[in-house]
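What's in query_24.txt: compact mmCIF, C-alpha atoms and all ligand atoms
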```txt
# COMPACT_ATOMS: atom_id res chain seq x y z
CA MET S 77 22.71 -11.76 95.48
CA ILE S 78 24.90 -9.31 97.40
CA ARG S 79 26.58 -10.31 100.63
CA THR S 80 29.33 -8.86 102.78
CA GLU S 81 31.11 -10.51 105.68
CA ASN S 82 32.85 -8.30 108.17
CA LEU S 83 33.73 -5.96 105.29
CA THR S 84 36.19 -3.30 106.37
CA LYS S 85 38.10 -0.47 104.73
CA VAL S 86 40.58 1.58 106.68
CA TYR S 87 41.95 4.91 105.43
CA ASN S 88 44.85 6.49 107.32
CA GLY S 89 44.22 4.31 110.34
CA LYS S 90 40.52 5.24 110.45
CA PRO S 91 37.80 2.79 109.40
CA ALA S 92 35.53 4.20 106.65
CA VAL S 93 33.64 0.88 106.60
CA ASP S 94 33.80 -1.09 109.81
CA GLY S 95 32.91 -4.80 109.93
CA LEU S 96 29.88 -4.63 107.64
CA ASP S 97 27.61 -7.69 107.39
CA LEU S 98 25.03 -7.05 104.72
CA GLU S 99 22.70 -9.25 102.72
CA VAL S 100 20.57 -8.24 99.74
CA GLY S 101 18.39 -10.85 98.04
CA GLU S 102 17.86 -11.34 94.31
CA GLY S 103 15.37 -8.88 92.78
CA GLU S 104 15.38 -6.58 95.81
CA ILE S 105 15.50 -2.80 95.56
CA PHE S 106 17.73 -2.07 98.51
CA GLY S 107 18.24 1.42 99.92
CA PHE S 108 21.62 2.03 101.50
CA LEU S 109 21.02 5.01 103.75
CA GLY S 110 23.37 7.07 105.83
CA PRO S 111 24.57 10.61 106.36
CA ASN S 112 27.47 12.08 104.36
CA GLY S 113 30.72 10.35 105.21
CA ALA S 114 29.04 7.23 106.64
CA GLY S 115 30.94 4.99 104.21
CA LYS S 116 28.33 4.31 101.52
CA SER S 117 30.51 5.11 98.51
CA THR S 118 33.42 3.19 99.97
CA THR S 119 31.19 0.13 100.40
CA ILE S 120 29.99 0.40 96.79
CA LEU S 121 33.57 0.73 95.54
CA MET S 122 34.45 -2.54 97.29
CA LEU S 123 31.31 -4.28 96.02
CA THR S 124 32.07 -3.23 92.46
CA GLY S 125 35.72 -4.28 92.68
CA MET S 126 37.12 -0.75 92.26
CA ILE S 127 38.99 -0.88 95.56
CA GLU S 128 40.12 -3.76 97.73
CA PRO S 129 38.85 -4.28 101.27
CA THR S 130 41.29 -3.95 104.16
CA GLY S 131 39.49 -6.87 105.78
CA GLY S 132 36.48 -9.13 105.34
CA ARG S 133 34.90 -10.28 102.09
CA CYS S 134 32.11 -9.40 99.72
CA PHE S 135 30.21 -11.46 97.19
CA VAL S 136 28.07 -10.53 94.20
CA ASP S 137 26.07 -13.29 92.54
CA GLY S 138 28.14 -15.85 94.43
CA ILE S 139 31.48 -14.47 93.22
CA GLU S 140 33.97 -13.16 95.76
CA VAL S 141 34.66 -9.72 94.35
CA ALA S 142 38.33 -9.36 95.34
CA ASN S 143 39.14 -12.77 93.79
CA ASP S 144 37.47 -12.21 90.47
CA PRO S 145 36.73 -8.52 89.86
CA LEU S 146 36.57 -8.95 86.07
CA ASN S 147 33.80 -11.51 86.26
CA VAL S 148 31.93 -9.34 88.75
CA LYS S 149 32.14 -6.39 86.34
CA LYS S 150 30.29 -8.47 83.72
CA THR S 151 27.44 -9.05 86.18
CA ILE S 152 27.05 -5.53 87.49
CA GLY S 153 26.27 -2.02 86.35
CA TYR S 154 27.50 0.97 88.33
CA LEU S 155 26.38 4.59 88.35
CA PRO S 156 28.97 6.58 90.30
CA GLU S 157 28.18 9.65 92.35
CA ASP S 158 29.92 11.93 89.85
CA VAL S 159 29.45 10.41 86.46
CA GLY S 160 31.88 11.64 83.79
CA PHE S 161 31.74 11.53 79.99
CA TYR S 162 33.73 12.70 77.02
CA GLY S 163 32.30 16.19 76.57
CA ASN S 164 33.12 16.40 72.84
CA MET S 165 31.17 13.23 72.01
CA THR S 166 27.40 12.72 71.80
CA GLY S 167 25.61 10.43 74.27
CA GLU S 168 25.47 7.73 71.63
CA GLN S 169 29.21 8.00 70.92
CA ASN S 170 30.00 7.88 74.63
CA LEU S 171 27.92 4.73 75.07
CA ASP S 172 29.49 3.16 71.99
CA TYR S 173 32.97 3.83 73.36
CA PHE S 174 32.00 2.22 76.65
CA ALA S 175 30.23 -0.77 75.04
CA ARG S 176 33.45 -1.74 73.24
CA PHE S 177 34.96 -2.64 76.63
CA TYR S 178 32.35 -5.39 76.84
CA GLY S 179 33.41 -6.82 73.50
CA MET S 180 30.04 -6.18 71.89
CA ASP S 181 30.09 -6.24 68.08
CA ALA S 182 28.93 -3.21 66.06
CA LYS S 183 25.41 -4.54 65.45
CA ALA S 184 24.82 -5.51 69.10
CA ARG S 185 26.14 -2.12 70.24
CA LYS S 186 23.90 -0.19 67.86
CA GLU S 187 20.79 -2.08 68.95
CA ARG S 188 21.52 -1.95 72.65
CA ILE S 189 22.42 1.75 72.60
CA ALA S 190 19.25 2.71 70.70
CA GLU S 191 17.18 0.74 73.22
CA LEU S 192 18.90 2.39 76.19
CA LEU S 193 18.72 5.94 74.83
CA GLU S 194 15.01 5.46 74.40
CA LEU S 195 14.68 4.04 77.91
CA VAL S 196 16.35 7.11 79.47
CA HIS S 197 14.60 9.54 77.09
CA LEU S 198 17.75 10.70 75.36
CA ASP S 199 16.90 9.30 71.94
CA GLY S 200 17.10 11.94 69.24
CA VAL S 201 19.37 14.19 71.35
CA THR S 202 22.23 15.35 69.11
CA GLN S 203 24.02 17.63 71.61
CA LYS S 204 27.51 16.75 72.80
CA ALA S 205 27.61 15.33 76.34
CA GLY S 206 29.58 18.40 77.46
CA GLU S 207 26.46 20.48 76.82
CA TYR S 208 24.15 18.16 78.75
CA SER S 209 22.38 19.33 81.90
CA ARG S 210 23.25 17.48 85.11
CA GLY S 211 20.00 15.54 84.89
CA MET S 212 20.75 14.48 81.31
CA LYS S 213 24.23 13.36 82.37
CA GLN S 214 22.69 11.32 85.15
CA ARG S 215 20.33 9.62 82.69
CA LEU S 216 23.19 8.93 80.30
CA GLY S 217 25.07 7.47 83.28
CA LEU S 218 22.19 5.14 83.95
CA ALA S 219 22.19 4.05 80.30
CA GLN S 220 25.93 3.41 80.60
CA ALA S 221 25.42 1.36 83.74
CA LEU S 222 22.90 -0.78 81.86
CA ILE S 223 24.94 -1.39 78.72
CA ASN S 224 25.82 -5.00 79.63
CA ASP S 225 22.26 -5.79 80.80
CA PRO S 226 23.56 -6.36 84.36
CA LYS S 227 21.90 -8.58 86.93
CA VAL S 228 22.86 -6.17 89.70
CA LEU S 229 22.81 -2.40 89.52
CA PHE S 230 24.67 -0.12 91.95
CA LEU S 231 23.44 3.47 92.00
CA ASP S 232 25.41 5.90 94.14
CA GLU S 233 23.25 8.91 95.11
CA PRO S 234 21.32 8.69 91.81
CA THR S 235 18.91 11.54 92.51
CA ALA S 236 21.48 14.06 93.77
CA ASN S 237 21.48 16.06 90.50
CA LEU S 238 17.87 15.65 89.48
CA ASP S 239 14.97 18.08 89.51
CA PRO S 240 11.57 16.80 90.74
CA GLU S 241 10.57 15.69 87.25
CA GLY S 242 13.89 13.88 86.91
CA VAL S 243 13.35 12.19 90.27
CA ARG S 244 9.94 10.99 89.13
CA GLU S 245 11.39 9.57 85.88
CA TYR S 246 14.19 7.92 87.83
CA ARG S 247 11.66 6.20 90.12
CA GLU S 248 9.74 4.86 87.15
CA LEU S 249 12.94 3.58 85.60
CA VAL S 250 14.02 1.82 88.79
CA GLU S 251 10.61 0.18 89.09
CA HIS S 252 10.82 -0.88 85.45
CA LEU S 253 14.30 -2.39 85.94
CA ALA S 254 13.24 -4.16 89.12
CA GLY S 255 10.30 -5.55 87.14
CA GLU S 256 12.87 -7.16 84.84
CA GLY S 257 14.25 -8.98 87.89
CA LYS S 258 17.37 -6.89 88.44
CA THR S 259 18.73 -6.44 91.94
CA ILE S 260 19.14 -2.74 92.64
CA PHE S 261 21.36 -1.28 95.33
CA VAL S 262 20.72 2.45 95.79
CA SER S 263 22.73 4.63 98.13
CA SER S 264 21.32 7.89 99.38
CA HIS S 265 21.28 10.18 102.37
CA ILE S 266 17.71 11.20 101.57
CA LEU S 267 15.14 8.99 103.23
CA SER S 268 12.17 10.33 101.28
CA GLU S 269 13.77 9.32 97.99
CA VAL S 270 14.74 5.88 99.18
CA ARG S 271 11.38 5.07 100.70
CA VAL S 272 9.41 5.45 97.47
CA VAL S 273 11.43 2.88 95.55
CA CYS S 274 13.14 0.63 98.06
CA ARG S 275 11.48 -2.30 99.74
CA THR S 276 14.32 -2.94 102.15
CA VAL S 277 16.94 -0.62 103.60
CA GLY S 278 20.13 -0.67 105.58
CA LEU S 279 21.20 2.29 107.67
CA LEU S 280 24.91 2.94 107.80
CA SER S 281 26.35 5.08 110.55
CA LYS S 282 30.08 5.74 110.92
CA GLY S 283 30.92 2.71 108.78
CA LYS S 284 28.71 0.34 110.75
CA LEU S 285 25.30 -1.06 109.93
CA ALA S 286 22.90 0.42 112.48
CA ALA S 287 19.91 -1.61 111.23
CA GLN S 288 18.62 -3.56 108.23
CA GLY S 289 15.15 -4.69 107.09
CA THR S 290 11.97 -3.08 105.80
CA LEU S 291 11.65 0.63 106.59
CA GLU S 292 9.16 -0.17 109.33
CA GLU S 293 11.44 -2.80 110.87
CA VAL S 294 14.39 -0.43 110.81
CA ALA S 295 12.36 2.41 112.30
CA ARG S 296 11.18 0.09 115.08
CA ALA S 297 14.71 -1.19 115.74
CA LEU S 298 16.05 2.34 115.99
CA ALA S 299 13.18 3.89 117.93
CA PRO S 300 14.31 5.17 121.32
CA SER S 301 13.30 2.60 123.89
CA ASP S 302 10.74 3.68 126.41
CA GLY S 303 11.05 0.71 128.72
CA ASP S 304 8.11 -1.52 127.92
CA ALA S 305 5.72 1.41 127.72
CA VAL S 306 3.25 1.57 124.86
CA ARG S 307 1.71 4.73 123.49
CA ILE S 308 -1.98 4.59 122.69
CA VAL S 309 -3.70 7.27 120.65
CA VAL S 310 -7.31 7.78 121.71
CA GLU S 311 -9.92 10.07 120.23
CA THR S 312 -13.51 10.32 121.43
CA ARG S 313 -16.37 12.38 120.06
CA GLU S 314 -17.04 13.84 123.50
CA HIS S 315 -14.52 15.38 125.89
CA LEU S 316 -12.21 12.65 127.10
CA PRO S 317 -12.74 11.99 130.82
CA ALA S 318 -10.06 11.10 133.36
CA ILE S 319 -8.66 7.63 132.76
CA ASP S 320 -8.37 5.70 135.96
CA ASP S 321 -6.31 2.63 135.16
CA PRO S 322 -3.36 1.32 137.18
CA ALA S 323 -1.36 0.67 133.96
CA VAL S 324 -1.46 4.31 132.87
CA ILE S 325 1.84 6.17 133.30
CA ASP S 326 0.78 9.55 131.94
CA ILE S 327 -1.56 11.19 129.47
CA GLU S 328 -0.85 13.96 126.97
CA ARG S 329 -4.17 15.64 126.15
CA ASN S 330 -5.17 17.73 123.20
CA GLY S 331 -8.92 18.43 123.14
CA ASN S 332 -10.77 15.19 122.48
CA ARG S 333 -7.53 13.41 121.60
CA ALA S 334 -4.91 12.03 123.92
CA VAL S 335 -1.77 9.97 123.84
CA VAL S 336 -1.87 7.55 126.76
CA ARG S 337 1.46 6.13 127.86
CA ALA S 338 0.84 2.84 129.64
CA LYS S 339 2.77 -0.10 131.06
CA ALA S 340 0.83 -2.50 128.82
CA ASP S 341 -1.44 -2.52 125.80
CA ILE S 342 -4.72 -1.65 127.58
CA ARG S 343 -6.71 -0.80 124.45
CA ASP S 344 -9.39 -3.45 125.12
CA ARG S 345 -10.25 -2.38 128.64
CA LEU S 346 -9.83 1.29 127.80
CA SER S 347 -12.36 1.12 124.97
CA ALA S 348 -14.73 -0.99 127.13
CA SER S 349 -14.51 1.58 129.92
CA LEU S 350 -15.12 4.52 127.57
CA PHE S 351 -18.05 2.66 126.02
CA GLU S 352 -19.56 2.02 129.47
CA GLN S 353 -19.36 5.74 130.15
CA GLY S 354 -21.44 6.33 127.01
CA LEU S 355 -18.60 7.85 125.02
CA HIS S 356 -18.03 7.35 121.29
CA VAL S 357 -14.53 6.18 120.44
CA ARG S 358 -13.36 7.53 117.10
CA GLU S 359 -9.83 6.25 117.19
CA MET S 360 -7.86 3.83 119.33
CA ARG S 361 -4.47 2.65 118.08
CA LEU S 362 -0.91 2.02 119.13
CA GLU S 363 1.32 4.87 118.08
CA GLU S 364 4.10 3.79 115.73
CA PRO S 365 7.18 5.98 115.65
CA GLU S 366 7.39 8.34 112.69
CA ILE S 367 10.00 6.89 110.35
CA GLU S 368 11.48 10.30 109.50
CA ASP S 369 11.92 11.21 113.17
CA VAL S 370 13.57 7.90 113.98
CA PHE S 371 16.00 8.16 111.06
CA MET S 372 16.88 11.77 111.82
CA ALA S 373 17.64 10.80 115.41
CA ALA S 374 19.78 7.88 114.19
CA TYR S 375 21.68 10.22 111.80
CA ARG S 376 22.52 12.52 114.72
CA ARG S 377 23.77 9.69 116.91
N1 LIG W 401 40.28 7.70 99.18
C1 LIG W 401 40.09 8.08 100.44
N2 LIG W 401 41.11 8.40 101.25
C2 LIG W 401 40.95 8.74 102.54
N3 LIG W 401 39.75 8.80 103.14
C3 LIG W 401 38.66 8.49 102.41
C4 LIG W 401 38.76 8.11 101.05
N4 LIG W 401 37.53 7.84 100.58
C5 LIG W 401 36.68 8.06 101.60
N5 LIG W 401 37.35 8.45 102.71
C6 LIG W 401 36.76 8.74 104.04
O1 LIG W 401 35.95 7.63 104.40
C7 LIG W 401 34.75 8.06 105.02
C8 LIG W 401 33.56 7.51 104.28
O2 LIG W 401 33.46 8.14 103.02
P1 LIG W 401 32.40 7.75 101.90
O3 LIG W 401 32.64 8.63 100.71
O4 LIG W 401 32.41 6.29 101.70
O5 LIG W 401 31.03 8.15 102.61
P2 LIG W 401 29.58 8.32 101.99
O6 LIG W 401 28.66 7.72 102.98
O7 LIG W 401 29.55 7.80 100.61
O8 LIG W 401 29.38 9.87 102.00
P3 LIG W 401 28.96 10.85 100.83
O9 LIG W 401 27.50 10.76 100.72
O10 LIG W 401 29.42 12.18 101.34
O11 LIG W 401 29.71 10.42 99.60
C9 LIG W 401 34.82 9.57 105.07
O12 LIG W 401 35.30 9.95 106.34
C10 LIG W 401 35.80 9.92 103.98
O13 LIG W 401 36.47 11.12 104.29
```

If you convert what's in this file into structure tokens, what do you get?
Amino acid sequence: MIRTENLTKVYNGKPAVDGLDLEVGEGEIFGFLGPNGAGKSTTILMLTGMIEPTGGRCFVDGIEVANDPLNVKKTIGYLPEDVGFYGNMTGEQNLDYFARFYGMDAKARKERIAELLELVHLDGVTQKAGEYSRGMKQRLGLAQALINDPKVLFLDEPTANLDPEGVREYRELVEHLAGEGKTIFVSSHILSEVRVVCRTVGLLSKGKLAAQGTLEEVARALAPSDGDAVRIVVETREHLPAIDDPAVIDIERNGNRAVVRAKADIRDRLSASLFEQGLHVREMRLEEPEIEDVFMAAYRR
């Protein structure tokens, strides 16, 4: 549904987005992660046809964006990082103004706007948008992005202005929209917020894609390599005895628990040996890297 080929944007001789190859399938909720300045907003601006790439191409729903930005705009909804409204108009009036750009007649606009205001819990709000809280503005922005019932939704840092309750409502909304079959592309620098809604992620670093896949796949791809060593977590009920195995590199002990670094996955013979010694094994598993730690390390790189 979304695809980029060697997508590049150069500002003042410096690439903000550098040869990006990205693929997001239909109906996916994709998290576009990266630290501030990584190039996330610039990528979204190219995908939504707001700016032209310096090089490469991008496609949304099979349309090459730079060739046919108007058609792309009919297919997509976009919530910018800093959403702006006419402060002297109500939410409903703002949405009505915006809906006219899509050539919707008065009846269609009225129906759609009522539906959307209810969806984002702004129905019955009579305040002018200028008096809205940041969270309310964000929700109105989401309603605006949905006015044309888009197939693809781009959300740039959607939770930046929300309080915890707002974040929870946003998650429910995203799930609801994904349930309708929309493809959702969410940019964020906050892993914890991406991981609760997104099934797949891409990690952008200095304009380049460092990894793409499920969170677990990305964490594995980015994990610092330790040769071919595996880390095995062992816990026994009794005190853990010395482990005499030629594959063991070293052991980090902590009471009855230990992390055994070994040249191979020796879980089978390790548990057999502990069993023979009359010990009770409570836990024996390969240690997976902590996703947060791996991402933080990748951010710092
Ligand atoms: N219009 C512009 N002119 C010049 N440089 C720009 C412009 N827009 C972005 N940049 C630069 O491009 C790089 C990527 O910026 P971008 O806003 O895309 O990053 P981001 O990942 O969205 O970060 P943030 O979360 O802070 O918005 C930054 O170094 C930024 O300074």

For ligand LIG 401 (chain W), the nearest of the candidates S:Gly331, S:Pro91, S:Gly113, S:Gly179, counting all atoms listed in the file =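 Using all atoms listed in the file, ligand LIG 401 (chain W) sits closest to S:Gly113.
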
Please write out the residues within 6 Å of ligand LIG 401 (chain W) as a VMD selection string, counting all atoms listed in the file.
-> chain S and resid 87 92 112 to 118

Of the candidates S:Val201, S:Val196, S:Leu231, S:Val310, which one gets nearest to S:Leu123 if we count only C-alpha atoms?
->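 For S:Leu123, the nearest of the given residues is S:Leu231.
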
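Within 12 Å of S:Glu194, once only C-alpha atoms are used and residues closer than 4 positions along the same chain are dropped, the contacting residues are Gly167, Glu168, Glu187, Arg188, Ile189, Ala190, Leu198, Asp199, Gly200, Val201, Arg215, Leu216, Leu218, Ala219 and Leu249 of chain S.
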
Could you check which of S:Glu292, S:Glu140, S:Asp181, S:Glu311 is closest to S:Arg329, using all atoms listed in the file?
-> S:Glu311

Take atom CA of S:Glu251 and atom CA of S:Ile120 and report the distance between them in Å, one decimal.
->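 Going from atom CA of S:Glu251 over to atom CA of S:Ile120 covers 20.9 Å.
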
May I ask for the distance between atom CA of S:Gln220 and atom CA of S:Glu99, given in Å to one decimal place?
-> 25.7 Å

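Shortest separation to S:Glu81 among S:Tyr178, S:Pro226, S:Leu285, S:Lys339 occurs at residue S:Leu285, atoms counted being only C-alpha atoms.
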
Which one of S:Ala340, S:Ile308, S:Ala295, S:Leu279 sits closest to S:Tyr375 if you count all atoms listed in the file?
->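 Looking at the shortest contact to S:Tyr375, the residue is S:Leu279.
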
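Using only C-alpha atoms, the protein and nucleic acid residues lying no more than 9 Å from S:Leu238, apart from those fewer than 3 places from it along its own chain, are S:Arg210, S:Gly211, S:Met212, S:Gln214, S:Pro234, S:Thr235, S:Glu241, S:Gly242, S:Val243, S:Tyr246.
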
Can I get the selection written as a compact mmCIF listing (two decimals), keeping the file's coordinate frame, with C-alpha atoms?
```txt
# COMPACT_ATOMS: atom_id res chain seq x y z
CA ARG S 210 23.25 17.48 85.11
CA GLY S 211 20.00 15.54 84.89
CA MET S 212 20.75 14.48 81.31
CA GLN S 214 22.69 11.32 85.15
CA PRO S 234 21.32 8.69 91.81
CA THR S 235 18.91 11.54 92.51
CA GLU S 241 10.57 15.69 87.25
CA GLY S 242 13.89 13.88 86.91
CA VAL S 243 13.35 12.19 90.27
CA TYR S 246 14.19 7.92 87.83
```

Nearest candidate to S:Thr124 (options S:Tyr173, S:Phe351, S:Phe161, S:Phe261; using all atoms listed in the file) |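 Of S:Tyr173, S:Phe351, S:Phe161, S:Phe261, the one nearest S:Thr124, counting all atoms listed in the file, is S:Phe261.
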
Within 6 Å of S:Arg337 using only C-alpha atoms, minus same-chain residues under 3 positions, as a PyMOL selection string = chain S and resi 306-307+325-326

Rebuild stretch 96-123 of chain S to N, CA and C atoms - output it as an mmCIF file, in the coordinates of the input, please.
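Produced file part-v9.cif, reproduced below:
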```
data_model
loop_
_atom_site.group_PDB
_atom_site.id
_atom_site.type_symbol
_atom_site.label_atom_id
_atom_site.label_comp_id
_atom_site.auth_asym_id
_atom_site.auth_seq_id
_atom_site.Cartn_x
_atom_site.Cartn_y
_atom_site.Cartn_z
ATOM 1 N N LEU S 96 31.256 -4.641 108.179
ATOM 2 C CA LEU S 96 29.880 -4.630 107.640
ATOM 3 C C LEU S 96 29.414 -6.032 107.249
ATOM 4 N N ASP S 97 28.261 -6.435 107.791
ATOM 5 C CA ASP S 97 27.610 -7.690 107.390
ATOM 6 C C ASP S 97 26.280 -7.319 106.759
ATOM 7 N N LEU S 98 26.200 -7.522 105.465
ATOM 8 C CA LEU S 98 25.030 -7.050 104.720
ATOM 9 C C LEU S 98 24.543 -8.164 103.827
ATOM 10 N N GLU S 99 23.239 -8.229 103.619
ATOM 11 C CA GLU S 99 22.700 -9.250 102.720
ATOM 12 C C GLU S 99 21.546 -8.653 101.911
ATOM 13 N N VAL S 100 21.643 -8.744 100.603
ATOM 14 C CA VAL S 100 20.570 -8.240 99.740
ATOM 15 C C VAL S 100 20.160 -9.369 98.807
ATOM 16 N N GLY S 101 18.882 -9.715 98.824
ATOM 17 C CA GLY S 101 18.390 -10.850 98.040
ATOM 18 C C GLY S 101 18.177 -10.493 96.575
ATOM 19 N N GLU S 102 18.069 -11.523 95.754
ATOM 20 C CA GLU S 102 17.860 -11.340 94.310
ATOM 21 C C GLU S 102 16.538 -10.591 94.062
ATOM 22 N N GLY S 103 16.587 -9.606 93.165
ATOM 23 C CA GLY S 103 15.370 -8.880 92.780
ATOM 24 C C GLY S 103 14.952 -7.803 93.762
ATOM 25 N N GLU S 104 15.733 -7.622 94.826
ATOM 26 C CA GLU S 104 15.380 -6.580 95.810
ATOM 27 C C GLU S 104 15.770 -5.192 95.296
ATOM 28 N N ILE S 105 15.030 -4.189 95.742
ATOM 29 C CA ILE S 105 15.500 -2.800 95.560
ATOM 30 C C ILE S 105 15.901 -2.369 96.961
ATOM 31 N N PHE S 106 17.195 -2.293 97.161
ATOM 32 C CA PHE S 106 17.730 -2.070 98.510
ATOM 33 C C PHE S 106 18.231 -0.641 98.646
ATOM 34 N N GLY S 107 17.796 0.045 99.675
ATOM 35 C CA GLY S 107 18.240 1.420 99.920
ATOM 36 C C GLY S 107 19.334 1.426 100.971
ATOM 37 N N PHE S 108 20.490 1.982 100.586
ATOM 38 C CA PHE S 108 21.620 2.030 101.500
ATOM 39 C C PHE S 108 21.704 3.469 102.012
ATOM 40 N N LEU S 109 21.182 3.666 103.210
ATOM 41 C CA LEU S 109 21.020 5.010 103.750
ATOM 42 C C LEU S 109 22.122 5.363 104.737
ATOM 43 N N GLY S 110 22.406 6.628 104.817
ATOM 44 C CA GLY S 110 23.370 7.070 105.830
ATOM 45 C C GLY S 110 23.771 8.494 105.550
ATOM 46 N N PRO S 111 24.169 9.224 106.577
ATOM 47 C CA PRO S 111 24.570 10.610 106.360
ATOM 48 C C PRO S 111 25.860 10.700 105.551
ATOM 49 N N ASN S 112 26.216 11.898 105.096
ATOM 50 C CA ASN S 112 27.470 12.080 104.360
ATOM 51 C C ASN S 112 28.633 11.568 105.182
ATOM 52 N N GLY S 113 29.527 10.835 104.527
ATOM 53 C CA GLY S 113 30.720 10.350 105.210
ATOM 54 C C GLY S 113 30.514 9.054 105.978
ATOM 55 N N ALA S 114 29.317 8.458 105.875
ATOM 56 C CA ALA S 114 29.040 7.230 106.640
ATOM 57 C C ALA S 114 29.799 6.027 106.084
ATOM 58 N N GLY S 115 30.200 6.106 104.806
ATOM 59 C CA GLY S 115 30.940 4.990 104.210
ATOM 60 C C GLY S 115 30.191 4.303 103.069
ATOM 61 N N LYS S 116 29.145 4.935 102.566
ATOM 62 C CA LYS S 116 28.330 4.310 101.520
ATOM 63 C C LYS S 116 29.125 4.129 100.221
ATOM 64 N N SER S 117 29.762 5.209 99.773
ATOM 65 C CA SER S 117 30.510 5.110 98.510
ATOM 66 C C SER S 117 31.647 4.109 98.632
ATOM 67 N N THR S 118 32.314 4.122 99.764
ATOM 68 C CA THR S 118 33.420 3.190 99.970
ATOM 69 C C THR S 118 32.923 1.737 99.891
ATOM 70 N N THR S 119 31.767 1.478 100.463
ATOM 71 C CA THR S 119 31.190 0.130 100.400
ATOM 72 C C THR S 119 30.915 -0.248 98.939
ATOM 73 N N ILE S 120 30.318 0.689 98.191
ATOM 74 C CA ILE S 120 29.990 0.400 96.790
ATOM 75 C C ILE S 120 31.272 0.161 95.979
ATOM 76 N N LEU S 121 32.301 0.926 96.273
ATOM 77 C CA LEU S 121 33.570 0.730 95.540
ATOM 78 C C LEU S 121 34.144 -0.659 95.792
ATOM 79 N N MET S 122 33.965 -1.177 96.999
ATOM 80 C CA MET S 122 34.450 -2.540 97.290
ATOM 81 C C MET S 122 33.559 -3.575 96.602
ATOM 82 N N LEU S 123 32.246 -3.331 96.636
ATOM 83 C CA LEU S 123 31.310 -4.280 96.020
ATOM 84 C C LEU S 123 31.473 -4.344 94.499
#
```
